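Source file: query-v3.pdb (PDB, C-alpha atoms, pLDDT in the B column)
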MODEL        1
ATOM      1  CA  MET A 879     -89.904 177.547-106.643  1.00 43.00           C
ATOM      2  CA  LYS A 880     -89.436 180.245-104.059  1.00 46.00           C
ATOM      3  CA  ARG A 881     -93.155 181.051-104.132  1.00 47.00           C
ATOM      4  CA  LEU A 882     -94.002 177.434-103.374  1.00 49.00           C
ATOM      5  CA  SER A 883     -91.817 177.446-100.266  1.00 49.00           C
ATOM      6  CA  ASN A 884     -93.759 180.482 -99.008  1.00 49.00           C
ATOM      7  CA  LEU A 885     -97.057 178.601 -99.450  1.00 47.00           C
ATOM      8  CA  GLN A 886     -95.821 175.600 -97.503  1.00 50.00           C
ATOM      9  CA  GLY A 887     -95.910 177.654 -94.315  1.00 51.00           C
ATOM     10  CA  MET A 888     -99.668 178.003 -94.674  1.00 48.00           C
ATOM     11  CA  PRO A 889    -101.717 175.374 -92.751  1.00 50.00           C
ATOM     12  CA  PHE A 890    -104.181 174.833 -95.633  1.00 46.00           C
ATOM     13  CA  PHE A 891    -101.414 174.052 -98.095  1.00 43.00           C
ATOM     14  CA  ASN A 892     -99.755 171.567 -95.725  1.00 48.00           C
ATOM     15  CA  ASN A 893    -103.027 169.724 -95.054  1.00 49.00           C
ATOM     16  CA  PHE A 894    -103.958 169.644 -98.731  1.00 46.00           C
ATOM     17  CA  ALA A 895    -100.502 168.436 -99.783  1.00 48.00           C
ATOM     18  CA  THR A 896    -100.545 165.729 -97.111  1.00 46.00           C
ATOM     19  CA  LYS A 897    -103.980 164.479 -98.202  1.00 46.00           C
ATOM     20  CA  GLN A 898    -102.925 164.440-101.852  1.00 48.00           C
ATOM     21  CA  ASN A 899     -99.753 162.518-100.989  1.00 48.00           C
ATOM     22  CA  VAL A 900    -101.652 159.883 -98.970  1.00 49.00           C
ATOM     23  CA  MET A 901    -104.345 159.462-101.627  1.00 49.00           C
ATOM     24  CA  SER A 902    -101.805 159.150-104.421  1.00 57.00           C
ATOM     25  CA  ASN A 903     -99.986 156.346-102.576  1.00 78.00           C
ATOM     26  CA  ILE A 904    -103.019 154.035-102.612  1.00 84.00           C
ATOM     27  CA  ASP A 905    -102.953 151.599-105.537  1.00 89.00           C
ATOM     28  CA  TYR A 906    -106.678 151.021-106.025  1.00 93.00           C
ATOM     29  CA  TYR A 907    -106.153 148.762-109.029  1.00 92.00           C
ATOM     30  CA  GLN A 908    -103.924 146.407-107.025  1.00 93.00           C
ATOM     31  CA  ILE A 909    -106.451 146.371-104.177  1.00 92.00           C
ATOM     32  CA  ALA A 910    -109.223 145.553-106.659  1.00 93.00           C
ATOM     33  CA  LEU A 911    -107.135 142.817-108.275  1.00 93.00           C
ATOM     34  CA  ASP A 912    -106.351 141.196-104.910  1.00 93.00           C
ATOM     35  CA  LYS A 913    -109.993 141.346-103.796  1.00 93.00           C
ATOM     36  CA  ALA A 914    -111.213 139.997-107.152  1.00 92.00           C
ATOM     37  CA  LYS A 915    -108.800 137.046-106.940  1.00 93.00           C
ATOM     38  CA  GLU A 916    -110.140 136.249-103.469  1.00 93.00           C
ATOM     39  CA  MET A 917    -113.635 136.060-104.993  1.00 91.00           C
ATOM     40  CA  GLY A 918    -112.545 133.897-107.945  1.00 90.00           C
ATOM     41  CA  TYR A 919    -112.328 136.606-110.626  1.00 90.00           C
ATOM     42  CA  ASP A 920    -109.191 137.215-112.680  1.00 89.00           C
ATOM     43  CA  ILE A 921    -109.899 140.246-114.881  1.00 89.00           C
ATOM     44  CA  VAL A 922    -110.236 143.763-113.418  1.00 93.00           C
ATOM     45  CA  ARG A 923    -111.020 146.955-115.360  1.00 92.00           C
ATOM     46  CA  PRO A 924    -111.509 150.501-114.006  1.00 92.00           C
ATOM     47  CA  ALA A 925    -115.091 151.717-114.216  1.00 93.00           C
ATOM     48  CA  GLY A 926    -115.118 155.265-112.843  1.00 91.00           C
ATOM     49  CA  GLU A 927    -115.619 157.077-109.555  1.00 94.00           C
ATOM     50  CA  ARG A 928    -118.784 158.188-107.800  1.00 92.00           C
ATOM     51  CA  ASP A 929    -119.752 159.337-104.288  1.00 90.00           C
ATOM     52  CA  GLY A 930    -116.350 158.544-102.775  1.00 91.00           C
ATOM     53  CA  TRP A 931    -116.127 155.064-104.322  1.00 93.00           C
ATOM     54  CA  LYS A 932    -113.886 153.788-107.106  1.00 95.00           C
ATOM     55  CA  TYR A 933    -115.557 151.167-109.304  1.00 95.00           C
ATOM     56  CA  PHE A 934    -113.872 148.226-111.027  1.00 95.00           C
ATOM     57  CA  GLY A 935    -115.493 145.722-113.363  1.00 92.00           C
ATOM     58  CA  ILE A 936    -114.554 142.154-112.457  1.00 92.00           C
ATOM     59  CA  THR A 937    -114.848 139.123-114.745  1.00 89.00           C
ATOM     60  CA  LYS A 938    -113.799 135.508-114.921  1.00 88.00           C
ATOM     61  CA  SER A 939    -111.719 134.913-118.050  1.00 83.00           C
ATOM     62  CA  TRP A 940    -113.560 131.722-118.973  1.00 81.00           C
ATOM     63  CA  LEU A 941    -116.858 133.691-119.068  1.00 71.00           C
ATOM     64  CA  ILE A 942    -115.724 136.062-121.828  1.00 72.00           C
ATOM     65  CA  GLY A 943    -118.066 135.685-124.783  1.00 72.00           C
ATOM     66  CA  HIS A 944    -120.888 134.208-122.689  1.00 70.00           C
ATOM     67  CA  LYS A 945    -123.901 136.254-121.681  1.00 72.00           C
ATOM     68  CA  ILE A 946    -124.952 135.147-118.210  1.00 73.00           C
ATOM     69  CA  GLY A 947    -126.514 138.218-116.612  1.00 71.00           C
ATOM     70  CA  LEU A 948    -125.421 141.593-115.323  1.00 77.00           C
ATOM     71  CA  PRO A 949    -121.708 142.378-115.033  1.00 84.00           C
ATOM     72  CA  ARG A 950    -120.198 142.551-111.556  1.00 90.00           C
ATOM     73  CA  TYR A 951    -118.604 145.706-110.147  1.00 93.00           C
ATOM     74  CA  LEU A 952    -116.400 145.990-107.094  1.00 94.00           C
ATOM     75  CA  LYS A 953    -116.449 149.288-105.177  1.00 95.00           C
ATOM     76  CA  ILE A 954    -113.485 150.498-103.138  1.00 93.00           C
ATOM     77  CA  SER A 955    -113.754 153.491-100.810  1.00 92.00           C
ATOM     78  CA  ASP A 956    -111.405 156.455-101.153  1.00 90.00           C
ATOM     79  CA  ASN A 957    -109.440 155.324 -98.111  1.00 88.00           C
ATOM     80  CA  GLY A 958    -108.931 151.859 -99.678  1.00 86.00           C
ATOM     81  CA  ARG A 959    -110.244 149.996 -96.629  1.00 88.00           C
ATOM     82  CA  GLU A 960    -113.920 149.400 -97.410  1.00 91.00           C
ATOM     83  CA  PHE A 961    -115.188 147.099-100.154  1.00 89.00           C
ATOM     84  CA  SER A 962    -118.616 146.450-101.564  1.00 91.00           C
ATOM     85  CA  MET A 963    -120.292 145.201-104.722  1.00 92.00           C
ATOM     86  CA  ALA A 964    -122.418 147.479-106.871  1.00 91.00           C
ATOM     87  CA  GLU A 965    -126.053 146.734-106.131  1.00 91.00           C
ATOM     88  CA  GLY A 966    -129.173 147.443-108.092  1.00 89.00           C
ATOM     89  CA  TRP A 967    -129.930 148.153-111.709  1.00 91.00           C
ATOM     90  CA  GLU A 968    -129.135 151.892-111.656  1.00 93.00           C
ATOM     91  CA  GLU A 969    -125.715 151.568-110.016  1.00 92.00           C
ATOM     92  CA  THR A 970    -124.698 148.636-112.230  1.00 91.00           C
ATOM     93  CA  MET A 971    -125.774 150.396-115.432  1.00 92.00           C
ATOM     94  CA  TRP A 972    -123.929 153.559-114.392  1.00 93.00           C
ATOM     95  CA  ALA A 973    -120.734 151.557-113.798  1.00 92.00           C
ATOM     96  CA  LEU A 974    -121.178 149.700-117.098  1.00 92.00           C
ATOM     97  CA  LYS A 975    -121.503 152.990-118.995  1.00 93.00           C
ATOM     98  CA  GLN A 976    -118.421 154.413-117.258  1.00 93.00           C
ATOM     99  CA  GLU A 977    -116.405 151.291-118.002  1.00 91.00           C
ATOM    100  CA  GLU A 978    -117.338 151.496-121.689  1.00 90.00           C
ATOM    101  CA  GLU A 979    -116.385 155.187-121.871  1.00 90.00           C
ATOM    102  CA  LEU A 980    -113.029 154.557-120.170  1.00 87.00           C
ATOM    103  CA  SER A 981    -112.191 151.641-122.467  1.00 83.00           C
ATOM    104  CA  ASN A 982    -112.854 153.730-125.599  1.00 81.00           C
ATOM    105  CA  LEU A 983    -110.286 156.407-124.728  1.00 57.00           C
TER     106      LEU A 983
ENDMDL
END
Can you give me the file's structure in the form of structure tokens?
Amino acid sequence: MKRLSNLQGMPFFNNFATKQNVMSNIDYYQIALDKAKEMGYDIVRPAGERDGWKYFGITKSWLIGHKIGLPRYLKISDNGREFSMAEGWEETMWALKQEEELSNL
């Protein structure tokens, strides 16, 4: 514990610890759930991280069991302020694969 207090005097450690504390306080799942509800979706599942974005699969519960096209993925930036939908075949398939891997753990 004494060694840690010595490191806290170093500027790099203070900046790193502050960034980690801020990033850990953001509840990305809750942000995704709120945004999905605004768009009419009610199921949210984590689907990985890539290029500074956190991906979440969003679904309407009444669509489960029906095949009606590509799944939808919501992207949230690392700062939790920017939102977007996954676009294009490659990005959607990457998110789908990540979602499947995460659900099998």
Given the choices A:Lys913, A:Arg923, A:His944, A:Arg950, which gets closest to Ser981 (chain A) if the distance is worked out from all atoms listed in the file?
A:Arg923
Here is a test: counting all atoms listed in the file, which residue of A:Gly947, A:Ile909, A:Asp920, A:Leu952 is nearest to Gly935 (chain A)?
A:Leu952
Would you kindly return, as number ranges by chain, each protein, DNA or RNA residue with an atom no farther than 12 Å from any atom of Trp940 (chain A), considering only C-alpha atoms and excluding same-chain residues fewer than 2 positions away?
A: 918-921, 937-938, 942-946
Excluding same-chain residues fewer than 2 positions from region 972-975 of chain A, what lies within 7 Å of it counting only C-alpha atoms, as a count of residues only?
9
In Å, rounded to a single decimal, give me how far CA of Asn982 (chain A) is from CA of Lys915 (chain A).
25.4 Å
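Relative to CA of Gly958 (chain A), CA of Met971 (chain A) is found at 23.1 Å.
The space between CA of Tyr906 (chain A) and CA of Gly966 (chain A) spans 22.9 Å.
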Would you pick out the contacts of Ser962 (chain A) at 10 Å or less, using only C-alpha atoms, so that residues sharing its chain but fewer than 4 positions from it are not included, and give the list as a VMD selection string?
chain A and resid 931 933 951 to 955
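You can rank A:Arg928, A:Arg959, A:Phe934, A:Glu965 by their closest distance to Leu911 (chain A) using all atoms listed in the file, and at the top of that list sits A:Phe934.
Among the candidate residues A:Tyr907, A:Met963, A:Asp912, A:Asn957, the one lying nearest to Pro924 (chain A) is A:Tyr907, with distances computed using all atoms listed in the file.
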